[in-house]
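Participant: So here's entry-v8.cif, just mmCIF, C-alpha atoms:
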```cif
data_upload
#
loop_
_atom_site.label_atom_id
_atom_site.label_comp_id
_atom_site.auth_asym_id
_atom_site.auth_seq_id
_atom_site.Cartn_x
_atom_site.Cartn_y
_atom_site.Cartn_z
CA MET A 1 -8.67 11.64 177.21
CA ASN A 2 -8.69 9.24 180.20
CA SER A 3 -6.54 6.12 180.46
CA SER A 4 -9.42 3.81 179.49
CA ALA A 5 -10.14 5.76 176.33
CA ARG A 6 -6.45 5.85 175.42
CA SER A 7 -6.10 2.10 175.89
CA ASN A 8 -9.02 1.51 173.51
CA TRP A 9 -6.92 2.73 170.58
CA LEU A 10 -3.34 2.63 171.86
CA ILE A 11 -3.32 -1.10 172.56
CA PRO A 12 -4.66 -2.34 169.19
CA THR A 13 -2.61 0.29 167.34
CA GLY A 14 0.59 -0.84 169.02
CA LEU A 15 -0.22 -4.49 168.34
CA LEU A 16 -1.03 -3.75 164.70
CA VAL A 17 2.34 -2.01 164.33
CA LEU A 18 4.01 -5.11 165.78
CA ALA A 19 1.98 -7.41 163.54
CA ALA A 20 2.80 -5.31 160.47
CA VAL A 21 6.28 -6.86 160.25
CA PRO A 22 5.20 -10.48 159.63
CA VAL A 23 2.08 -9.36 157.71
CA VAL A 24 4.01 -7.21 155.23
CA ALA A 25 6.77 -9.80 154.85
CA GLY A 26 4.15 -12.49 154.33
CA GLY A 27 2.42 -10.41 151.67
CA LEU A 28 5.70 -10.00 149.80
CA ARG A 29 6.30 -13.76 150.00
CA LEU A 30 2.84 -14.48 148.62
CA THR A 31 3.55 -12.12 145.74
CA GLU A 32 6.80 -13.98 145.01
CA LEU A 33 5.08 -17.36 145.16
CA ALA A 34 2.40 -16.08 142.78
CA GLY A 35 5.08 -15.37 140.19
CA GLY A 36 6.15 -11.86 141.09
CA GLY A 37 9.75 -10.74 141.19
CA GLN A 38 11.88 -11.75 144.16
CA VAL A 39 11.96 -9.05 146.83
CA LEU A 40 13.03 -10.91 149.96
CA PRO A 41 16.15 -13.07 150.29
CA ASP A 42 16.09 -16.87 150.46
CA GLY A 43 13.30 -17.17 147.91
CA GLU A 44 14.45 -20.47 146.42
CA ARG A 45 14.42 -22.22 149.81
CA ILE A 46 11.02 -20.78 150.70
CA GLY A 47 9.65 -21.81 147.31
CA SER A 48 10.55 -25.44 148.01
CA ALA A 49 7.53 -25.79 150.33
CA PRO A 50 4.88 -23.37 148.99
CA VAL A 51 1.77 -24.92 150.59
CA PRO A 52 2.91 -24.84 154.25
CA VAL A 53 4.46 -21.41 153.67
CA ILE A 54 1.15 -20.07 152.33
CA LEU A 55 -0.79 -21.64 155.20
CA HIS A 56 1.65 -20.12 157.68
CA ILE A 57 1.36 -16.66 156.15
CA VAL A 58 -2.45 -16.77 156.06
CA GLY A 59 -2.63 -17.98 159.66
CA VAL A 60 -0.20 -15.35 160.95
CA THR A 61 -1.88 -12.54 159.01
CA VAL A 62 -5.41 -13.22 160.27
CA TYR A 63 -4.18 -14.00 163.78
CA GLY A 64 -2.04 -10.87 163.99
CA ILE A 65 -4.53 -8.36 162.61
CA LEU A 66 -7.78 -9.69 164.04
CA GLY A 67 -6.18 -10.59 167.35
CA ALA A 68 -5.05 -7.01 167.98
CA PHE A 69 -8.66 -5.86 168.37
CA GLN A 70 -9.37 -8.52 171.01
CA PHE A 71 -7.21 -6.53 173.42
CA ALA A 72 -9.08 -3.20 173.21
CA PRO A 73 -11.03 -3.10 176.53
CA GLY A 74 -13.90 -0.83 175.50
CA PHE A 75 -14.31 -2.39 172.07
CA ARG A 76 -14.43 -5.85 173.64
CA ARG A 77 -16.99 -4.84 176.25
CA ARG A 78 -19.29 -3.09 173.77
CA ARG A 79 -19.15 -5.90 171.20
CA ARG A 80 -19.12 -9.15 173.15
CA GLY A 81 -20.72 -11.02 170.25
CA TRP A 82 -17.95 -9.85 167.93
CA HIS A 83 -15.34 -10.88 170.50
CA ARG A 84 -16.73 -14.42 170.62
CA ALA A 85 -17.12 -14.70 166.85
CA ALA A 86 -13.60 -13.42 166.24
CA GLY A 87 -12.26 -15.82 168.83
CA ARG A 88 -13.75 -18.78 166.96
CA LEU A 89 -11.70 -17.72 163.94
CA LEU A 90 -8.57 -16.74 165.85
CA VAL A 91 -8.03 -20.07 167.57
CA PRO A 92 -7.85 -22.14 164.35
CA CYS A 93 -5.79 -19.44 162.62
CA GLY A 94 -3.38 -19.33 165.54
CA LEU A 95 -3.10 -23.10 165.55
CA LEU A 96 -2.55 -23.03 161.79
CA ALA A 97 0.28 -20.52 162.24
CA ALA A 98 1.88 -22.52 165.06
CA LEU A 99 1.61 -25.97 163.48
CA SER A 100 2.67 -24.85 160.00
CA GLY A 101 5.63 -23.09 161.63
CA LEU A 102 6.48 -26.37 163.36
CA TRP A 103 6.30 -28.24 160.05
CA LEU A 104 8.54 -25.69 158.34
CA THR A 105 11.08 -25.97 161.14
CA LEU A 106 11.20 -29.75 160.99
CA PHE A 107 10.97 -30.43 157.26
CA MET A 108 11.96 -27.41 155.20
CA PRO A 109 15.67 -26.98 154.33
CA ARG A 110 17.34 -24.61 156.77
CA ALA A 111 18.70 -21.18 155.97
CA ALA A 112 22.49 -20.84 155.98
CA ILE A 113 22.65 -19.30 159.47
CA ASP A 114 19.92 -21.44 161.07
CA GLY A 115 21.54 -23.80 163.55
CA ASP A 116 20.37 -26.72 165.67
CA VAL A 117 19.80 -24.54 168.74
CA LEU A 118 17.47 -22.21 166.86
CA ALA A 119 15.60 -25.20 165.42
CA VAL A 120 15.00 -26.56 168.94
CA ILE A 121 13.84 -23.14 170.16
CA ARG A 122 11.44 -22.81 167.23
CA VAL A 123 9.95 -26.23 168.02
CA VAL A 124 9.49 -25.25 171.68
CA VAL A 125 7.91 -21.92 170.71
CA SER A 126 5.52 -23.51 168.18
CA VAL A 127 4.38 -26.14 170.66
CA ALA A 128 4.03 -23.53 173.42
CA MET A 129 1.90 -21.26 171.24
CA ALA A 130 -0.39 -24.12 170.22
CA GLY A 131 -0.63 -25.22 173.85
CA CYS A 132 -1.60 -21.71 175.00
CA LEU A 133 -4.40 -21.55 172.43
CA VAL A 134 -5.75 -24.97 173.37
CA LEU A 135 -5.65 -24.14 177.10
CA GLY A 136 -7.31 -20.79 176.44
CA PHE A 137 -10.09 -22.49 174.47
CA VAL A 138 -10.61 -25.10 177.19
CA ALA A 139 -10.73 -22.36 179.84
CA VAL A 140 -13.42 -20.34 178.07
CA ARG A 141 -15.49 -23.48 177.54
CA ARG A 142 -15.38 -23.88 181.32
CA ARG A 143 -16.26 -20.17 181.68
CA ASP A 144 -12.97 -19.55 183.45
CA PHE A 145 -12.46 -16.15 181.86
CA ALA A 146 -9.40 -15.17 183.90
CA ARG A 147 -7.43 -18.20 182.70
CA HIS A 148 -8.82 -17.77 179.19
CA ARG A 149 -7.52 -14.21 179.11
CA ALA A 150 -4.10 -15.23 180.45
CA TRP A 151 -3.54 -18.07 177.99
CA MET A 152 -4.72 -16.00 175.02
CA ILE A 153 -2.38 -13.16 175.94
CA ARG A 154 0.51 -15.64 176.13
CA GLY A 155 -0.40 -17.20 172.80
CA TYR A 156 -0.65 -13.84 171.06
CA ALA A 157 2.65 -12.67 172.56
CA ILE A 158 4.43 -15.75 171.22
CA GLY A 159 2.78 -15.43 167.82
CA MET A 160 3.91 -11.81 167.45
CA GLY A 161 7.54 -12.72 168.15
CA ALA A 162 8.37 -12.07 164.50
CA GLY A 163 7.47 -8.40 164.95
CA THR A 164 9.80 -7.98 167.92
CA GLN A 165 12.52 -9.93 166.11
CA ALA A 166 12.75 -7.15 163.53
CA PHE A 167 13.80 -4.76 166.30
CA THR A 168 16.22 -7.14 168.05
CA ALA A 169 17.83 -8.06 164.72
CA ALA A 170 18.13 -4.38 163.79
CA ALA A 171 19.83 -3.69 167.12
CA TRP A 172 22.32 -6.51 166.45
CA VAL A 173 23.10 -5.23 162.96
CA ALA A 174 23.58 -1.67 164.24
CA VAL A 175 26.02 -2.80 166.93
CA ALA A 176 27.76 -5.89 165.55
CA GLY A 177 27.14 -5.95 161.80
CA PRO A 178 25.50 -8.69 159.69
CA LEU A 179 23.73 -11.49 161.51
CA THR A 180 25.68 -14.66 162.24
CA MET A 181 24.30 -18.03 163.32
CA SER A 182 24.71 -17.15 166.99
CA GLY A 183 23.41 -13.64 166.37
CA LYS A 184 20.24 -14.87 164.69
CA THR A 185 19.65 -17.42 167.45
CA GLY A 186 20.19 -14.80 170.13
CA THR A 187 18.07 -12.06 168.59
CA MET A 188 15.14 -14.35 167.82
CA THR A 189 15.23 -15.90 171.28
CA ALA A 190 15.48 -12.47 172.90
CA ALA A 191 12.42 -11.29 170.98
CA TRP A 192 10.28 -14.19 172.16
CA LEU A 193 11.50 -13.70 175.73
CA ILE A 194 10.69 -9.98 175.63
CA ASN A 195 7.15 -10.72 174.45
CA VAL A 196 6.62 -13.42 177.06
CA VAL A 197 7.91 -11.22 179.89
CA VAL A 198 5.63 -8.34 178.83
CA ALA A 199 2.70 -10.75 178.56
CA GLU A 200 3.29 -12.08 182.08
CA TRP A 201 3.51 -8.53 183.42
CA ILE A 202 0.18 -7.67 181.81
CA ILE A 203 -1.45 -10.83 183.14
CA ARG A 204 -0.26 -10.21 186.72
CA ARG A 205 -0.74 -6.46 187.02
CA ARG A 206 -3.49 -5.16 189.28
CA PRO A 207 -6.66 -3.75 187.70
CA VAL A 208 -6.82 0.03 187.60
CA THR A 209 -9.83 1.37 189.50
CA ALA A 210 -11.06 4.80 190.43
CA PRO A 211 -9.74 6.19 193.80
CA GLY A 212 -11.67 4.81 196.71
CA ARG A 213 -13.55 2.27 194.58
CA PRO A 214 -12.60 -1.42 194.85
CA ALA A 215 -12.39 -3.61 191.80
CA PRO A 216 -15.61 -5.58 191.22
CA ALA A 217 -15.42 -9.02 192.74
CA GLY A 218 -14.76 -11.85 190.34
CA ILE A 219 -13.80 -9.59 187.41
CA ALA A 220 -10.43 -10.23 185.88
CA PRO A 221 -8.44 -7.14 184.87
CA SER A 222 -8.83 -6.34 181.20
CA MET A 223 -5.98 -5.66 178.86
#
```
Before anything else, please render the file you have as C-alpha cells.
Facilitator:
Amino acid sequence: MNSSARSNWLIPTGLLVLAAVPVVAGGLRLTELAGGGQVLPDGERIGSAPVPVILHIVGVTVYGILGAFQFAPGFRRRRRGWHRAAGRLLVPCGLLAALSGLWLTLFMPRAAIDGDVLAVIRVVVSVAMAGCLVLGFVAVRRRDFARHRAWMIRGYAIGMGAGTQAFTAAAWVAVAGPLTMSGKTGTMTAAWLINVVVAEWIIRRRPVTAPGRPAPAGIAPSM
C-alpha cells in the first residue's frame, strides 16, 4: 500500500479516534439530560444550562465526525461535490460548537478547579476557532483554496482539543495524581497547543511528489 492510499484511511481514522473522546462524552451527557442515570461527574452544574450544553454537544459531534473525512486526500478528490456539501454543514456546526462553548465559559457556573486563567484561555480558543472558520469560508468564496485549507485545518485542530486533553490529563494523573486547578489549566492549554503546532506543521510541509516529478503549479498540498 503506497503512502497516498494509507493516508486515505489513516488520516480520517486517526481523527475519528481523537473525536471519539468529546463525542462519547457528549453522548453520555445527552443521556443524562434526557433523564438517564448520572455517569459523568459535575452533572448538576451541567444541568443548569441544558440548551447551550445540548447545542455544544451537537455542534462538536457533527463537526468532529464529518470533519474527519474532509482530510482524506483521495476521498476528497473523488467526491468534490460531497466535500462542498459537507463543508456547508461543517462551518455552521463548527461555529455552533465555538460560540456555545464561549457562552458556557462566560455564563455557566464554573467547576471547582476552573480558574480565571483557564476561563480566559477558553475565551481565546473559542474566538480563535470561530475566526478560523469564518476566514476559511471567506477564502473559499474567493477561490483561494490554499488559505481555505489552512484556516480549516487550524479550526479543526482547535475544535478537537478536547480529544487531546484526555491524553494530557491522563499523563498528569499518572505522574502527579488528581487534577488541581493549575493542573487542569496546564493540561488543557498544552492540548490546544499540541494540536495547533501539529496543524501548522501540516500546513507548512512540502507536498510529496514522485521522484523527478515537480509538484503541479498552483496546487496546494493536500492533507
Participant: Please determine, counting only C-alpha atoms, which residue among A:Asn8, A:Leu28, A:Val197, A:Gly43 has the shortest atom-to-atom distance to A:Gly74.
Facilitator: A:Asn8
Participant: Give me, as CSV, each residue of stretch 33-122 of chain A that comes within 12 Å of stretch 134-147 of chain A, together with its shortest interatomic pair and the distance in Å at one decimal, counting all atoms listed in the file, with rows ordered by chain and rising residue number.
Facilitator:
```
residue,atom,partner,partner_atom,distance
A:Arg84,CA,A:Val140,CA,10.1
A:Gly87,CA,A:Phe137,CA,9.0
A:Arg88,CA,A:Phe137,CA,9.1
A:Leu89,CA,A:Phe137,CA,11.7
A:Leu90,CA,A:Phe137,CA,10.5
A:Val91,CA,A:Phe137,CA,7.6
A:Pro92,CA,A:Val134,CA,9.7
A:Gly94,CA,A:Val134,CA,9.9
A:Leu95,CA,A:Val134,CA,8.5
A:Ala98,CA,A:Val134,CA,11.5
```
Participant: What lies within 12 Å of A:Ala119 using all atoms listed in the file, ignoring chain neighbours under 2 positions off, as a PyMOL selection string?
Facilitator: chain A and resi 101-111+113-117+121-126+181+184-185+188-189
Participant: For A:Thr61, list every protein, DNA or RNA residue within 12 Å, evaluated using only C-alpha atoms, and leave out those in the same chain fewer than 5 positions away; present the list as a PDB file with C-alpha atoms, in the frame of the given file.
Facilitator:
```pdb
ATOM      1  CA  LEU A  16      -1.030  -3.750 164.700  1.00  0.00           C
ATOM      2  CA  LEU A  18       4.010  -5.110 165.780  1.00  0.00           C
ATOM      3  CA  ALA A  19       1.980  -7.410 163.540  1.00  0.00           C
ATOM      4  CA  ALA A  20       2.800  -5.310 160.470  1.00  0.00           C
ATOM      5  CA  VAL A  21       6.280  -6.860 160.250  1.00  0.00           C
ATOM      6  CA  PRO A  22       5.200 -10.480 159.630  1.00  0.00           C
ATOM      7  CA  VAL A  23       2.080  -9.360 157.710  1.00  0.00           C
ATOM      8  CA  VAL A  24       4.010  -7.210 155.230  1.00  0.00           C
ATOM      9  CA  ALA A  25       6.770  -9.800 154.850  1.00  0.00           C
ATOM     10  CA  GLY A  26       4.150 -12.490 154.330  1.00  0.00           C
ATOM     11  CA  GLY A  27       2.420 -10.410 151.670  1.00  0.00           C
ATOM     12  CA  LEU A  30       2.840 -14.480 148.620  1.00  0.00           C
ATOM     13  CA  ILE A  54       1.150 -20.070 152.330  1.00  0.00           C
ATOM     14  CA  LEU A  55      -0.790 -21.640 155.200  1.00  0.00           C
ATOM     15  CA  HIS A  56       1.650 -20.120 157.680  1.00  0.00           C
ATOM     16  CA  LEU A  66      -7.780  -9.690 164.040  1.00  0.00           C
ATOM     17  CA  GLY A  67      -6.180 -10.590 167.350  1.00  0.00           C
ATOM     18  CA  ALA A  68      -5.050  -7.010 167.980  1.00  0.00           C
ATOM     19  CA  LEU A  90      -8.570 -16.740 165.850  1.00  0.00           C
ATOM     20  CA  CYS A  93      -5.790 -19.440 162.620  1.00  0.00           C
ATOM     21  CA  GLY A  94      -3.380 -19.330 165.540  1.00  0.00           C
ATOM     22  CA  LEU A  96      -2.550 -23.030 161.790  1.00  0.00           C
ATOM     23  CA  ALA A  97       0.280 -20.520 162.240  1.00  0.00           C
ATOM     24  CA  GLY A 159       2.780 -15.430 167.820  1.00  0.00           C
ATOM     25  CA  MET A 160       3.910 -11.810 167.450  1.00  0.00           C
ATOM     26  CA  ALA A 162       8.370 -12.070 164.500  1.00  0.00           C
ATOM     27  CA  GLY A 163       7.470  -8.400 164.950  1.00  0.00           C
TER      28      GLY A 163
END
```
Participant: Could you check the closest approach to A:Arg76 for each of A:Ala171, A:Trp9, A:Arg204, A:Ala176 and tell me which residue wins, using only C-alpha atoms?
Facilitator: A:Trp9
Participant: Quick one: distance from atom CA of A:Val62 to atom CA of A:Ala199 in Å, one decimal?
Facilitator: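 Calculated distance between atom CA of A:Val62 and atom CA of A:Ala199 is 20.2 Å.
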Participant: Taking into account only C-alpha atoms, which residue in the set A:Ser48, A:Ala112, A:Ala86, A:Trp201 is nearest to A:Ser182?
Facilitator: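 Selected residue with least distance to A:Ser182: A:Ala112.
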Participant: Can you tell me which residues surround A:Arg29 at a distance of at most 9 Å, considering all atoms listed in the file, apart from same-chain residues fewer than 5 positions away, and format the answer as a ChimeraX atom specification?
Facilitator: /A:24,34,38-40,43,46,53-54,57
Participant: Could you dump the residues just selected with C-alpha atoms as a CSV table (one decimal), in the frame of the given file?
Facilitator:
```csv
chain,number,residue,atom,x,y,z
A,24,VAL,CA,4.0,-7.2,155.2
A,34,ALA,CA,2.4,-16.1,142.8
A,38,GLN,CA,11.9,-11.8,144.2
A,39,VAL,CA,12.0,-9.0,146.8
A,40,LEU,CA,13.0,-10.9,150.0
A,43,GLY,CA,13.3,-17.2,147.9
A,46,ILE,CA,11.0,-20.8,150.7
A,53,VAL,CA,4.5,-21.4,153.7
A,54,ILE,CA,1.2,-20.1,152.3
A,57,ILE,CA,1.4,-16.7,156.2
```
Participant: Could you rebuild stretch 45-69 of chain A with N, CA, C and O atoms and give it back as a compact mmCIF listing (two decimals), in the frame of the given file?
Facilitator:
```txt
# COMPACT_ATOMS: atom_id res chain seq x y z
N ARG A 45 14.69 -21.29 148.70
CA ARG A 45 14.42 -22.22 149.81
C ARG A 45 12.95 -22.15 150.20
O ARG A 45 12.29 -23.18 150.40
N ILE A 46 12.42 -20.94 150.32
CA ILE A 46 11.02 -20.78 150.70
C ILE A 46 10.10 -21.40 149.65
O ILE A 46 9.09 -22.02 149.97
N GLY A 47 10.47 -21.26 148.37
CA GLY A 47 9.65 -21.81 147.31
C GLY A 47 9.64 -23.32 147.24
O GLY A 47 8.82 -23.91 146.53
N SER A 48 10.52 -23.98 148.01
CA SER A 48 10.55 -25.44 148.01
C SER A 48 9.37 -26.06 148.76
O SER A 48 9.11 -27.25 148.63
N ALA A 49 8.69 -25.27 149.57
CA ALA A 49 7.53 -25.79 150.33
C ALA A 49 6.42 -24.75 150.29
O ALA A 49 6.06 -24.15 151.31
N PRO A 50 5.83 -24.49 149.11
CA PRO A 50 4.88 -23.37 148.99
C PRO A 50 3.60 -23.54 149.81
O PRO A 50 3.11 -22.55 150.37
N VAL A 51 3.06 -24.74 149.90
CA VAL A 51 1.77 -24.92 150.59
C VAL A 51 1.88 -24.59 152.08
O VAL A 51 1.11 -23.76 152.60
N PRO A 52 2.81 -25.21 152.82
CA PRO A 52 2.91 -24.84 154.25
C PRO A 52 3.31 -23.39 154.46
O PRO A 52 2.88 -22.77 155.45
N VAL A 53 4.11 -22.82 153.54
CA VAL A 53 4.46 -21.41 153.67
C VAL A 53 3.21 -20.54 153.52
O VAL A 53 2.99 -19.60 154.31
N ILE A 54 2.38 -20.83 152.53
CA ILE A 54 1.15 -20.07 152.33
C ILE A 54 0.22 -20.21 153.54
O ILE A 54 -0.35 -19.22 154.02
N LEU A 55 0.06 -21.43 154.03
CA LEU A 55 -0.79 -21.64 155.20
C LEU A 55 -0.27 -20.86 156.41
O LEU A 55 -1.05 -20.26 157.17
N HIS A 56 1.05 -20.85 156.56
CA HIS A 56 1.65 -20.12 157.68
C HIS A 56 1.38 -18.63 157.55
O HIS A 56 1.00 -17.97 158.53
N ILE A 57 1.56 -18.09 156.37
CA ILE A 57 1.36 -16.66 156.15
C ILE A 57 -0.10 -16.27 156.39
O ILE A 57 -0.39 -15.27 157.06
N VAL A 58 -1.03 -17.06 155.87
CA VAL A 58 -2.45 -16.77 156.06
C VAL A 58 -2.81 -16.82 157.55
O VAL A 58 -3.49 -15.93 158.08
N GLY A 59 -2.34 -17.85 158.24
CA GLY A 59 -2.63 -17.98 159.66
C GLY A 59 -2.08 -16.82 160.47
O GLY A 59 -2.78 -16.23 161.31
N VAL A 60 -0.83 -16.45 160.22
CA VAL A 60 -0.20 -15.35 160.95
C VAL A 60 -0.89 -14.02 160.65
O VAL A 60 -1.11 -13.20 161.55
N THR A 61 -1.25 -13.81 159.39
CA THR A 61 -1.88 -12.54 159.01
C THR A 61 -3.22 -12.34 159.70
O THR A 61 -3.48 -11.29 160.31
N VAL A 62 -4.09 -13.34 159.63
CA VAL A 62 -5.41 -13.22 160.27
C VAL A 62 -5.24 -13.14 161.78
O VAL A 62 -5.88 -12.30 162.45
N TYR A 63 -4.39 -13.97 162.33
CA TYR A 63 -4.18 -14.00 163.78
C TYR A 63 -3.63 -12.67 164.27
O TYR A 63 -4.07 -12.13 165.30
N GLY A 64 -2.66 -12.11 163.56
CA GLY A 64 -2.04 -10.87 163.99
C GLY A 64 -2.97 -9.67 163.91
O GLY A 64 -3.06 -8.88 164.86
N ILE A 65 -3.68 -9.53 162.79
CA ILE A 65 -4.53 -8.36 162.61
C ILE A 65 -5.80 -8.45 163.44
O ILE A 65 -6.14 -7.54 164.21
N LEU A 66 -6.53 -9.56 163.31
CA LEU A 66 -7.78 -9.69 164.04
C LEU A 66 -7.55 -9.77 165.54
O LEU A 66 -8.31 -9.22 166.34
N GLY A 67 -6.46 -10.44 165.93
CA GLY A 67 -6.18 -10.59 167.35
C GLY A 67 -5.91 -9.28 168.06
O GLY A 67 -6.20 -9.15 169.25
N ALA A 68 -5.37 -8.29 167.35
CA ALA A 68 -5.05 -7.01 167.98
C ALA A 68 -6.30 -6.36 168.58
O ALA A 68 -6.24 -5.74 169.65
N PHE A 69 -7.44 -6.51 167.91
CA PHE A 69 -8.66 -5.86 168.37
C PHE A 69 -9.29 -6.58 169.56
O PHE A 69 -10.17 -6.02 170.22
```
